[in-house]
Structure formats: structure tokens, C-alpha cells
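Data block below; observations after.
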Amino acid sequence: MTAPRFVYGPVASRRLGFSLGVDIIPFKTCTLDCVYCQLGSTGRSTVRRRSWCPPEAILAQIKEAIDSGQRIDVITFSGSGEPTLSRDLGFLIRSIKKMTGIPVAVLTNGTLLGRRDVRRDLAAADVVGPSLDAVPAALFRRVNRPHASLDNRKVIDGLVRFRDEFAGEIRLEIMLVKGVNDSPAAIEAVKKALVRIRPDRIELNTVVRPPADRRAGALSAAGLARIRARLGPKAEVVASFAKRKQAPASGDLDRAILVTVGRRPQTAADIAAALGRHRDEVLKALSRLLARGRIRRRDHGGKTYFAGVRR
């Protein structure tokens with residue numbers, strides 16, 4: 001039986017460069033069930049923290065990836081669920097910092113930052129990327145479909161407290177869904193909250209990969225630019241991945257692809273860039289995996305994405 005993989009990539013991240021993903025939460029275990037989620041609907045909604053995966057195995061896989069010689073710009077806690085649901089998060093971040101000088105980032109929906117233990121666990125990270133998609137309670141429920149115990153006002157208060165305590169960089173992401181949270185009133189409400197939160201950067205994103213709710217649509221480049229202008233100089237639109245050279249991934253290509261697309265849908269170009277392999281070679285491997293039923297194809301926004309198959 002193949003040992004579980006908690007580390008994937010490096011993947012070509014539009015936000016972070018070549019990002020080595022660390023996935024410490026079971027698939028779709030989250031505090032939210034966002035309409036735009038590229039992983040589909042949440043299977044397990046919870047706000048309870050626990051130890052989900054063995055820390056020693058996670059750290060061993062991170063060291064293996066670092067020693068592989070591939071380019072890694074950042075080590076990122078992200079993947080299949082909400083990383084702050086793990087009680088091991090603080091220990092893992094501190095252990096990685098002892099292992100390497102590569103920056104550590106945590107991508108979080110920010111819903112648990114009102115908890116002191118969560119803020120303490122994140123303190124050792126270099127970058128934290130929380131999200132804030134909607135401020136009015138009704139709109140928060142419509143876009144993010146939160147766990148019943150979550151109060152959006154307390155979520156924002158948690159973001160404010162975290163800013164007061166955190167010495168690293170906060171890159172706050174706003175995911176915009178066309179016709180849902182992109183109105184002038186919705187953006188003005190977010191803007192007022194941002195005055196309190198004081199992030200270092202504001203990253204505007206929209207629905208690119210296939211979403212959980214097929215009705216969740218993307219904003220145009222012009223629409224994103226208008227919102228960026230309204231939010232001021234700290235705001236930026238998340239651009240396409242800047243092509244940088246990656247050392248070819250060693251080992252079995254099929255296995256590397258399965259690990260990568262098992263975390264999020266990706267195009268053939270994304271996979272080739274992340275693995276440092278020629279696009280034709282990747283396309284042949286994708287054809288093999290499709291024929292064997294190991295992956296599935298999804299068309300969205302004029303692009304073809306490949307995703308893992310959950311058994």
C-alpha cells in the first residue's frame with residue numbers, strides 16, 4: 001500500500017511562485033463551503049481543531065522535497081482543507097524554520113483567527129494569506145456558506161487581533177464572484193473592514209478553476225481593475241504565473257501528476273511548469289491517466305483542467 005503523501009509540488013502558484021504544498025487536513029475538511037471552491041463542496045464542516053496527520057511523516061516528506069534540487073520559493077500550508085484546523089500547525093512551522101531558510105506561508109480562510117491558540121501557531125510563519133470575501137452577514141453566508149457557529153463580525157475582529165500581534169506579512173485575498181460580491185456596496189463594506197485589518201497587501205482574485213457551484217462566474221479583467229482602483233495602492237490583481245525555470249522532477253511522472261492534481265485542478269501547462277517537464281511529455285502522461293480512470297478532465301472558462309479522482 002502506498003504511503004499517504006502530505007507534500008505536493010512544487011506547484012506554479014500565481015501568488016507565491018514555485019510553492020511546495022503541505023496538506024495536513026483530510027480532503028474538504030473546512031470551516032466554510034465556498035461557492036467558488038475548486039475542490040468541490042465541503043464534505044466535513046467543523047471548527048474543531050485536532051491532530052489529523054503524523055507530524056514526523058510530514059516533516060520527512062518536506063525534507064525529501066527540499067533535498068530534491070527542485071526550485072522552491074516558499075513552503076505553503078494549503079491543499080485539501082483549512083490548515084488552521086490542525087493542532088500540529090505551530091509545531092510544523094517551527095520545525096520547518098529549523099530545517100531551512102525557505103519562507104513559510106499559510107493560506108487560510110481566516111475564520112479561526114479569533115482563537116488565541118491559532119494566532120500563536122501562526123506567529124512563526126513568514127507570510128499568512130487570510131481571505132475576506134464578504135462583510136455583510138447575509139453575503140458572507142451566500143458566498144462562503146460557513147459553519148453554523150461562525151459570526152462574520154467575530155471573524156473580522158480575529159483578523160484585526162492577528163494584525164496587532166503578527167510580525168510577518170499579511171496578504172489578504174478577496175475572491176470575487178461575478179454578480180455576487182462585486183457590487184459597489186459590497187466592495188465599500190470590504191474597504192471599511194480593511195482599514196481596521198491593515199494588511200500589507202490586498203490580492204484580488206476571481207473564479208479561474210472549475211468551482212463547486214457551476215453558477216459562480218469570473219469577473220473580467222476590466223472589472224477586477226475597477227475594484228483594484230477603488231481599494232487603493234495596496235490592492236493588486238493576481239496575475240498569471242510568471243514563467244520561471246524549474247529543475248525537472250525526478251521519479252515517476254505519472255505519480256507526480258497524480259499527487260499534484262489530487263490537490264487542485266490544473267491545466268497541462270500548469271503541470272509542466274511545476275514539474276519542469278516538457279508539455280508534450282505531460283500530455284502523454286495525462287492521456288495515460290485519463291484512459292486508466294485515474295484522473296478526470298474538466299473544461300472551464302475556455303481551458304481544460306485535470307483533477308484527481310476520489311475513490
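Ligands are numbered from 1 in the order shown, chains are lettered A, B, ... in the order of the C-alpha cells, and residues start at 1 in each chain.
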
Quick one: residues within 9 Å of region 136-148 of chain A, only C-alpha atoms counted, chain neighbours fewer than 2 positions away excluded, as a PyMOL selection string? chain A and resi 30-36+45-47+111+132-134+150-153+177+180-181+186+189-190

Could you dump the residues just selected with C-alpha atoms as a compact mmCIF listing (two decimals), in the first residue's frame?
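Below is the file that was written, again_28.txt:
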```txt
# COMPACT_ATOMS: atom_id res chain seq x y z
CA CYS A 30 -13.16 23.01 6.37
CA THR A 31 -14.98 25.71 8.32
CA LEU A 32 -16.51 27.03 5.08
CA ASP A 33 -18.18 25.61 1.97
CA CYS A 34 -17.41 28.39 -0.53
CA VAL A 35 -19.37 28.52 -3.77
CA TYR A 36 -16.16 29.08 -5.74
CA SER A 45 -17.75 21.05 8.12
CA THR A 46 -16.13 21.65 11.50
CA VAL A 47 -14.47 24.26 13.70
CA THR A 111 -12.23 32.13 10.28
CA LEU A 132 -12.19 38.10 3.32
CA ASP A 133 -14.73 37.81 0.53
CA ALA A 134 -17.77 39.50 2.04
CA LEU A 150 -19.25 31.31 12.77
CA ASP A 151 -20.10 35.00 13.10
CA ASN A 152 -18.63 37.25 10.41
CA ARG A 153 -18.17 40.15 12.83
CA VAL A 177 -17.68 36.13 -7.87
CA VAL A 180 -22.48 38.16 -6.16
CA ASN A 181 -19.89 40.09 -4.11
CA ALA A 186 -20.11 45.02 -1.22
CA ALA A 189 -18.07 47.26 3.08
CA VAL A 190 -14.85 45.31 2.50
```

Shortest interatomic distance to Leu107 (chain A) - which of A:Arg120, A:Arg171, A:Arg87, A:Arg14, counting only C-alpha atoms: A:Arg171

Per DSSP on the backbone, what are the helix (DSSP H, G or I) residues of region 22-119 of chain A, as a short mmCIF file (atom, residue, chain, number, x, y, z; two decimals) with N, CA and C atoms, in the first residue's frame?
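So states_3.cif came out as:
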```cif
data_model
loop_
_atom_site.label_atom_id
_atom_site.label_comp_id
_atom_site.auth_asym_id
_atom_site.auth_seq_id
_atom_site.Cartn_x
_atom_site.Cartn_y
_atom_site.Cartn_z
N PRO A 55 2.94 14.27 12.31
CA PRO A 55 3.91 15.34 12.04
C PRO A 55 5.26 14.83 11.54
N GLU A 56 5.73 13.71 12.08
CA GLU A 56 7.05 13.19 11.69
C GLU A 56 7.07 12.83 10.20
N ALA A 57 6.00 12.21 9.72
CA ALA A 57 5.94 11.84 8.30
C ALA A 57 5.88 13.09 7.42
N ILE A 58 5.15 14.10 7.86
CA ILE A 58 5.06 15.35 7.10
C ILE A 58 6.43 16.00 6.98
N LEU A 59 7.15 16.10 8.09
CA LEU A 59 8.47 16.74 8.08
C LEU A 59 9.47 15.95 7.24
N ALA A 60 9.37 14.63 7.26
CA ALA A 60 10.27 13.80 6.45
C ALA A 60 10.04 14.04 4.97
N GLN A 61 8.78 14.19 4.56
CA GLN A 61 8.47 14.45 3.15
C GLN A 61 8.91 15.86 2.73
N ILE A 62 8.80 16.82 3.64
CA ILE A 62 9.28 18.17 3.33
C ILE A 62 10.78 18.16 3.11
N LYS A 63 11.52 17.47 3.98
CA LYS A 63 12.98 17.39 3.83
C LYS A 63 13.36 16.71 2.52
N GLU A 64 12.63 15.66 2.16
CA GLU A 64 12.88 14.97 0.90
C GLU A 64 12.71 15.92 -0.29
N ALA A 65 11.67 16.73 -0.24
CA ALA A 65 11.42 17.68 -1.33
C ALA A 65 12.50 18.75 -1.39
N ILE A 66 12.92 19.24 -0.24
CA ILE A 66 13.98 20.26 -0.20
C ILE A 66 15.28 19.70 -0.78
N PRO A 83 -6.06 24.75 6.94
CA PRO A 83 -4.89 24.31 7.70
C PRO A 83 -4.91 24.66 9.19
N THR A 84 -5.62 25.73 9.57
CA THR A 84 -5.63 26.09 11.00
C THR A 84 -6.48 25.13 11.83
N LEU A 85 -7.16 24.18 11.19
CA LEU A 85 -7.87 23.14 11.93
C LEU A 85 -6.91 22.12 12.53
N LEU A 89 -0.08 22.60 13.61
CA LEU A 89 0.41 23.62 12.69
C LEU A 89 1.59 24.41 13.25
N GLY A 90 1.50 24.87 14.48
CA GLY A 90 2.59 25.64 15.07
C GLY A 90 3.88 24.84 15.16
N PHE A 91 3.78 23.59 15.63
CA PHE A 91 4.96 22.72 15.73
C PHE A 91 5.59 22.51 14.36
N LEU A 92 4.77 22.29 13.34
CA LEU A 92 5.30 22.05 12.00
C LEU A 92 6.00 23.30 11.45
N ILE A 93 5.40 24.47 11.62
CA ILE A 93 6.04 25.70 11.13
C ILE A 93 7.39 25.90 11.80
N ARG A 94 7.43 25.76 13.11
CA ARG A 94 8.69 25.97 13.84
C ARG A 94 9.74 24.93 13.43
N SER A 95 9.32 23.71 13.20
CA SER A 95 10.26 22.65 12.79
C SER A 95 10.83 22.92 11.41
N ILE A 96 9.98 23.42 10.48
CA ILE A 96 10.46 23.76 9.14
C ILE A 96 11.46 24.90 9.21
N LYS A 97 11.22 25.87 10.05
CA LYS A 97 12.13 27.03 10.18
C LYS A 97 13.50 26.59 10.68
N LYS A 98 13.55 25.52 11.46
CA LYS A 98 14.84 24.98 11.91
C LYS A 98 15.54 24.20 10.80
N MET A 99 14.77 23.71 9.84
CA MET A 99 15.27 22.85 8.78
C MET A 99 15.84 23.63 7.60
N ARG A 116 -6.91 32.42 20.30
CA ARG A 116 -5.53 32.75 20.68
C ARG A 116 -4.56 31.64 20.28
N ASP A 117 -4.97 30.37 20.41
CA ASP A 117 -4.06 29.28 20.07
C ASP A 117 -3.74 29.26 18.59
N VAL A 118 -4.70 29.65 17.75
CA VAL A 118 -4.45 29.70 16.30
C VAL A 118 -3.48 30.83 15.98
N ARG A 119 -3.68 32.00 16.57
CA ARG A 119 -2.77 33.12 16.32
C ARG A 119 -1.36 32.79 16.80
#
```

Please measure the separation of CA of Gly110 (chain A) and CA of Pro130 (chain A), giving the value in Å to one decimal. 4.8 Å

I need the strand (DSSP E) residues of region 161-285 of chain A per DSSP on the backbone, written as a list in words. Glu169, Ile170, Arg171, Leu172, Glu173, Ile174, Met175, Leu176, Arg201, Ile202, Glu203, Leu204, Asn205, Thr206, Ala235, Glu236 and Val237 of chain A

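With only C-alpha atoms as the basis for measurement, A:Ser19 is the residue among A:Asp213, A:Lys191, A:Ser19, A:Gly40 that approaches Val106 (chain A) most closely.
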
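Residues in contact range of Arg228 (chain A), defined as at most 12 Å between only C-alpha atoms, with sequence neighbours fewer than 2 positions away removed, read Ile174, Leu176, Asp182, Ile187, Glu188, Lys191, Arg201, Ile202, Glu203, Leu204, Asn205, Ala221, Ala222, Gly223, Leu224, Ala225, Arg226, Arg230, Leu231, Gly232, Pro233, Lys234, Ala235, Glu236, Val237 and Val238 of chain A.
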
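CA of Gly81 (chain A) to CA of Ser183 (chain A) spans 28.5 Å [interatomic distance, one decimal].
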
Need to verify the contact set: Arg264 (chain A), 12 Å, only C-alpha atoms, exclusion of same-chain residues closer than 2 positions in sequence. Can you return it as a PDB file with C-alpha atoms, in the first residue's frame?
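Saved as selection35.pdb:
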```pdb
ATOM      1  CA  TYR A   8       2.944  18.043  -3.204  1.00  0.00           C
ATOM      2  CA  GLY A   9       4.605  20.107  -5.920  1.00  0.00           C
ATOM      3  CA  VAL A  11       3.329  23.883  -7.967  1.00  0.00           C
ATOM      4  CA  ALA A  12       3.354  27.033 -10.071  1.00  0.00           C
ATOM      5  CA  SER A  13       1.425  29.446  -7.855  1.00  0.00           C
ATOM      6  CA  GLY A  21       2.385  22.481  -0.824  1.00  0.00           C
ATOM      7  CA  ASP A  23      -1.505  19.361   3.070  1.00  0.00           C
ATOM      8  CA  PHE A  27      -9.916  16.297   1.874  1.00  0.00           C
ATOM      9  CA  LYS A  28     -12.579  19.034   2.094  1.00  0.00           C
ATOM     10  CA  CYS A  37     -14.037  26.321  -4.173  1.00  0.00           C
ATOM     11  CA  GLN A  38     -12.002  24.467  -6.791  1.00  0.00           C
ATOM     12  CA  LEU A  39     -12.179  21.272  -4.703  1.00  0.00           C
ATOM     13  CA  GLY A  40     -15.956  20.993  -4.755  1.00  0.00           C
ATOM     14  CA  SER A  78      -2.664  24.760   1.876  1.00  0.00           C
ATOM     15  CA  GLY A  79      -4.315  21.944  -0.041  1.00  0.00           C
ATOM     16  CA  SER A  80      -7.404  19.919   0.780  1.00  0.00           C
ATOM     17  CA  GLY A  81      -8.860  21.760   3.782  1.00  0.00           C
ATOM     18  CA  VAL A 208     -10.487  30.684 -12.595  1.00  0.00           C
ATOM     19  CA  ARG A 209     -10.662  26.943 -11.933  1.00  0.00           C
ATOM     20  CA  PRO A 210     -13.913  24.931 -12.036  1.00  0.00           C
ATOM     21  CA  PRO A 211     -15.967  25.968  -8.951  1.00  0.00           C
ATOM     22  CA  ILE A 257       0.980  14.291 -11.674  1.00  0.00           C
ATOM     23  CA  LEU A 258      -1.465  12.327  -9.513  1.00  0.00           C
ATOM     24  CA  VAL A 259      -0.123  13.931  -6.341  1.00  0.00           C
ATOM     25  CA  THR A 260      -0.308  17.404  -7.887  1.00  0.00           C
ATOM     26  CA  VAL A 261      -3.790  17.286  -9.447  1.00  0.00           C
ATOM     27  CA  GLY A 262      -5.138  15.456  -6.405  1.00  0.00           C
ATOM     28  CA  GLN A 266      -4.606  22.176 -13.099  1.00  0.00           C
ATOM     29  CA  THR A 267      -4.003  22.674 -16.802  1.00  0.00           C
ATOM     30  CA  ASP A 270       0.453  24.392 -15.042  1.00  0.00           C
ATOM     31  CA  ILE A 271       1.660  20.827 -14.514  1.00  0.00           C
ATOM     32  CA  ILE A 295      -7.830  11.470 -13.350  1.00  0.00           C
ATOM     33  CA  ARG A 296     -10.771  13.359 -14.845  1.00  0.00           C
ATOM     34  CA  ARG A 298     -12.979  19.385 -16.628  1.00  0.00           C
ATOM     35  CA  TYR A 305      -8.249  21.239 -16.304  1.00  0.00           C
ATOM     36  CA  PHE A 306      -7.249  17.858 -14.933  1.00  0.00           C
ATOM     37  CA  ALA A 307      -8.296  16.778 -11.465  1.00  0.00           C
ATOM     38  CA  GLY A 308      -7.836  13.760  -9.245  1.00  0.00           C
ATOM     39  CA  VAL A 309     -10.455  11.032  -8.824  1.00  0.00           C
TER      40      VAL A 309
END
```

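Using only C-alpha atoms for every distance, the candidate list A:Ala216, A:Ser68, A:Arg288, A:Ala256 yields A:Ala256 as the residue closest to Ala274 (chain A).
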